[in-house]
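Enquirer: Sharing a structure, written as structure tokens. Questions coming.
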Amino acid sequence: MPALDRQDTVFILDLGDGENRFHPEWIGAVGAALDEVEKAEGPRALVTVAAGKIYSNGLDLEWLSAHADRYRDYVVSVHELLARMLALPVVTVAALQGHTFGAGAIFSLAHDLRVMRADRGYWCVPAVDVGIPYTSGMAALIQARLAPQTAHEAMVTARRYGGTDAAAAGIVDRAVAEDAVRSTAVELARAQADRAGETLGTIKSRMYASVLAALRDTRNPLG
């Protein structure tokens, strides 16, 4: 399960060492960690990390297949998590040490910055291949955070971007060696820790107002 630690002004949220799929309990644990970061005072920033070959494989399709009657509520909870991260009043950095797929990739886009391993691992939004269309909220987030041509290619072709290609396309901010992913993310976060607070949260909320509105639409979350 996700675990939160703190190194001076940088909170480090370890998502886990498995597939880090969005199981309801996992979503709840990440949400609780974001509560703690948001309630803290003073300079602070957040880095999300994982261990092993995978940063996150996104939606928990196995859980969904066993709980089809809860699909709508599940999507609402995923949207809520994405909105929380997008508007969090601290600078957030995703340290992508491994594969980042589907909702996991969209979750990474909800961060302010991304650092990815250059030599291995892929970033991909494969909805067109798995037959599960993006919700309006997820599509809005992807399109708000990526250049139009990149968003089109990523969403329509399900291209798998390696770290170097992801950096060239503007999906991630840095592509670095495996042993530098976490330290680079922490360095970027620490440099922005003084900007935490209400003003930053307001800027993000206004910048992404239409995306947040789509993610928070509980009347038609599947649209």
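All residue names refer to the structure tokens as shown: chains lettered A, B, ... in order, residues numbered from 1 in each chain, ligands numbered from 1 in order.
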Just the helix (DSSP H, G or I) stuff from segment 43-104 of chain A, please, per backbone DSSP, written as a ChimeraX atom specification.

Expert: /A:61-66,68-87,103-104

Enquirer: Return as number ranges by chain the full set of residues in segment 112-150 of chain A whose backbone-based DSSP assignment is strand (DSSP E).

Expert: A: 113-117, 123-124

Enquirer: Find the residue from A:Leu15, A:Ala196, A:Ala29, A:Ala177 that sits nearest to Val91 of chain A; use only C-alpha atoms when measuring.

Expert: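 For Val91 of chain A, the nearest of the given residues is A:Ala196.
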
Enquirer: Excluding Leu200 of chain A and its own-chain neighbours fewer than 3 positions away, which residues fall within 12 Å of it when counting only C-alpha atoms? Please give them as a list in words.

Expert: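 Counting only the stated atoms, we get Glu38, Pro43, Arg44, Ala45, Leu86, Ala87, Leu88, Pro89, Val90, Val91, Thr92, Asp112, Gln192, Ala193, Asp194, Arg195, Ala196, Gly197, Ile203, Lys204, Ser205, Arg206 and Met207 of chain A.
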
Enquirer: For the residues selected in the previous step, produce a file with N, CA and C atoms as a tab-separated table (two decimals), in the first residue's frame.

Expert:
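Contents of the output file selection-v8.tsv:
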```tsv
chain	number	residue	atom	x	y	z
A	38	GLU	N	-1.52	18.34	2.21
A	38	GLU	CA	-2.25	19.60	2.09
A	38	GLU	C	-2.40	20.30	3.43
A	43	PRO	N	6.96	25.62	3.85
A	43	PRO	CA	7.45	25.17	2.54
A	43	PRO	C	7.35	23.65	2.42
A	44	ARG	N	6.84	23.20	1.29
A	44	ARG	CA	6.71	21.77	1.08
A	44	ARG	C	6.40	21.49	-0.39
A	45	ALA	N	6.77	20.32	-0.83
A	45	ALA	CA	6.47	19.85	-2.17
A	45	ALA	C	6.26	18.34	-2.06
A	86	LEU	N	-4.17	17.35	-9.41
A	86	LEU	CA	-4.03	18.45	-10.35
A	86	LEU	C	-4.07	19.81	-9.66
A	87	ALA	N	-4.92	19.92	-8.64
A	87	ALA	CA	-5.11	21.21	-7.96
A	87	ALA	C	-4.41	21.31	-6.62
A	88	LEU	N	-3.60	20.34	-6.27
A	88	LEU	CA	-2.94	20.34	-4.96
A	88	LEU	C	-2.11	21.62	-4.79
A	89	PRO	N	-2.22	22.29	-3.65
A	89	PRO	CA	-1.53	23.57	-3.48
A	89	PRO	C	-0.04	23.46	-3.13
A	90	VAL	N	0.60	22.44	-3.67
A	90	VAL	CA	2.06	22.29	-3.57
A	90	VAL	C	2.55	21.82	-4.93
A	91	VAL	N	3.80	22.06	-5.24
A	91	VAL	CA	4.35	21.55	-6.49
A	91	VAL	C	4.55	20.05	-6.37
A	92	THR	N	4.11	19.32	-7.40
A	92	THR	CA	4.15	17.86	-7.39
A	92	THR	C	5.03	17.36	-8.53
A	112	ASP	N	2.68	18.34	-11.56
A	112	ASP	CA	3.24	19.52	-12.22
A	112	ASP	C	4.44	19.18	-13.09
A	192	GLN	N	11.06	24.01	-5.51
A	192	GLN	CA	9.76	24.68	-5.62
A	192	GLN	C	8.99	24.69	-4.30
A	193	ALA	N	9.59	24.21	-3.22
A	193	ALA	CA	8.87	24.04	-1.96
A	193	ALA	C	8.34	25.35	-1.39
A	194	ASP	N	9.04	26.45	-1.61
A	194	ASP	CA	8.61	27.74	-1.07
A	194	ASP	C	7.32	28.25	-1.71
A	195	ARG	N	6.91	27.65	-2.81
A	195	ARG	CA	5.73	28.14	-3.52
A	195	ARG	C	4.44	27.49	-3.04
A	196	ALA	N	4.52	26.58	-2.08
A	196	ALA	CA	3.33	25.92	-1.58
A	196	ALA	C	2.40	26.92	-0.89
A	197	GLY	N	1.10	26.67	-1.04
A	197	GLY	CA	0.15	27.51	-0.32
A	197	GLY	C	-1.09	27.87	-1.13
A	203	ILE	N	-4.06	29.39	-8.35
A	203	ILE	CA	-3.55	29.45	-9.73
A	203	ILE	C	-3.87	28.16	-10.48
A	204	LYS	N	-3.59	27.03	-9.86
A	204	LYS	CA	-3.87	25.75	-10.50
A	204	LYS	C	-5.36	25.57	-10.78
A	205	SER	N	-6.17	25.92	-9.79
A	205	SER	CA	-7.61	25.74	-9.94
A	205	SER	C	-8.18	26.59	-11.07
A	206	ARG	N	-7.65	27.79	-11.23
A	206	ARG	CA	-8.13	28.66	-12.30
A	206	ARG	C	-7.54	28.24	-13.65
A	207	MET	N	-6.29	27.81	-13.64
A	207	MET	CA	-5.65	27.38	-14.88
A	207	MET	C	-6.35	26.17	-15.49
```

Enquirer: With distances taken over only C-alpha atoms, which residue among A:Val37, A:Val186, A:Ala51, A:Ala209 lies nearest Gln7 of chain A?

Expert: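 Nearest candidate to Gln7 of chain A out of A:Val37, A:Val186, A:Ala51, A:Ala209: A:Val186.
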
Enquirer: Using only C-alpha atoms, which residue out of A:Leu81, A:Gly18, A:Arg70, A:Gly170 lies closest to Ala32 of chain A?

Expert: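 Of all the options, A:Leu81 lies closest to Ala32 of chain A.
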
Enquirer: Residues within 10 Å of segment 77-79 of chain A, please, as a PyMOL selection string. Count only C-alpha atoms; anything in the same chain fewer than 3 positions from it doesn't count.

Expert: chain A and resi 22-24+27-28+31+58-59+71-74+82-84+103+107+135+137-138+212+214-218+221

Enquirer: Rank nothing, just name the residue among A:Glu187, A:Thr100, A:Ala68, A:Ala110 nearest to Ala144 of chain A, using only C-alpha atoms.

Expert: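 So, comparing all the options, the nearest one is A:Ala110.
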
Enquirer: Just how far from atom CA of Glu198 of chain A is atom CA of Arg174 of chain A, in Å to one decimal?

Expert: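 Computing it gives 27.3 Å between the two atoms.
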
Enquirer: Residues within 9 Å of Gly104 of chain A, please, as a list in words. Count only C-alpha atoms; anything in the same chain fewer than 6 positions from it doesn't count.

Expert: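 Answer for this query is Asn20, Arg21, Phe22, Tyr55, Ser56, Asn57, Gly58, Leu59, Trp123, Cys124 and Val125 of chain A.
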
Enquirer: Only N, CA and C atoms, please: the residues just picked out, written as a PDB file, in the first residue's frame.

Expert:
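Generated file (out-v4.pdb):
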```pdb
ATOM      1  N   ASN A  20       0.582  -1.329  -8.786  1.00  0.00           N
ATOM      2  CA  ASN A  20       0.039  -0.050  -8.317  1.00  0.00           C
ATOM      3  C   ASN A  20      -1.214   0.347  -9.094  1.00  0.00           C
ATOM      4  N   ARG A  21      -2.087  -0.628  -9.267  1.00  0.00           N
ATOM      5  CA  ARG A  21      -3.366  -0.349  -9.916  1.00  0.00           C
ATOM      6  C   ARG A  21      -4.295   0.384  -8.957  1.00  0.00           C
ATOM      7  N   PHE A  22      -5.285   1.030  -9.514  1.00  0.00           N
ATOM      8  CA  PHE A  22      -6.174   1.893  -8.742  1.00  0.00           C
ATOM      9  C   PHE A  22      -7.265   1.078  -8.051  1.00  0.00           C
ATOM     10  N   TYR A  55       5.547   1.912 -12.506  1.00  0.00           N
ATOM     11  CA  TYR A  55       5.100   3.058 -11.706  1.00  0.00           C
ATOM     12  C   TYR A  55       3.615   2.876 -11.395  1.00  0.00           C
ATOM     13  N   SER A  56       2.790   2.709 -12.413  1.00  0.00           N
ATOM     14  CA  SER A  56       1.376   2.370 -12.214  1.00  0.00           C
ATOM     15  C   SER A  56       0.792   1.855 -13.520  1.00  0.00           C
ATOM     16  N   ASN A  57       0.031   0.772 -13.406  1.00  0.00           N
ATOM     17  CA  ASN A  57      -0.682   0.230 -14.559  1.00  0.00           C
ATOM     18  C   ASN A  57      -2.133   0.687 -14.621  1.00  0.00           C
ATOM     19  N   GLY A  58      -2.503   1.657 -13.775  1.00  0.00           N
ATOM     20  CA  GLY A  58      -3.798   2.301 -13.928  1.00  0.00           C
ATOM     21  C   GLY A  58      -4.969   1.563 -13.309  1.00  0.00           C
ATOM     22  N   LEU A  59      -6.091   1.565 -14.001  1.00  0.00           N
ATOM     23  CA  LEU A  59      -7.337   1.031 -13.456  1.00  0.00           C
ATOM     24  C   LEU A  59      -7.194  -0.432 -13.051  1.00  0.00           C
ATOM     25  N   TRP A 123       5.691   4.995 -21.303  1.00  0.00           N
ATOM     26  CA  TRP A 123       4.531   5.806 -20.923  1.00  0.00           C
ATOM     27  C   TRP A 123       3.503   5.627 -22.026  1.00  0.00           C
ATOM     28  N   CYS A 124       2.273   5.253 -21.672  1.00  0.00           N
ATOM     29  CA  CYS A 124       1.291   4.931 -22.708  1.00  0.00           C
ATOM     30  C   CYS A 124      -0.127   5.086 -22.171  1.00  0.00           C
ATOM     31  N   VAL A 125      -1.014   5.637 -23.011  1.00  0.00           N
ATOM     32  CA  VAL A 125      -2.451   5.654 -22.704  1.00  0.00           C
ATOM     33  C   VAL A 125      -3.145   4.767 -23.744  1.00  0.00           C
TER      34      VAL A 125
END
```

Enquirer: Near Gly98 of chain A, within 10 Å and counting only C-alpha atoms, which residues show up once chain neighbours fewer than 5 positions away are dropped, as number ranges by chain?

Expert: A: 49-57, 116-123, 162-163, 178

Enquirer: What gap, in Å, lies between atom CA of Pro2 of chain A and atom CA of Glu19 of chain A?

Expert: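 Taking atom CA of Pro2 of chain A and atom CA of Glu19 of chain A, their separation equals 11.8 Å.
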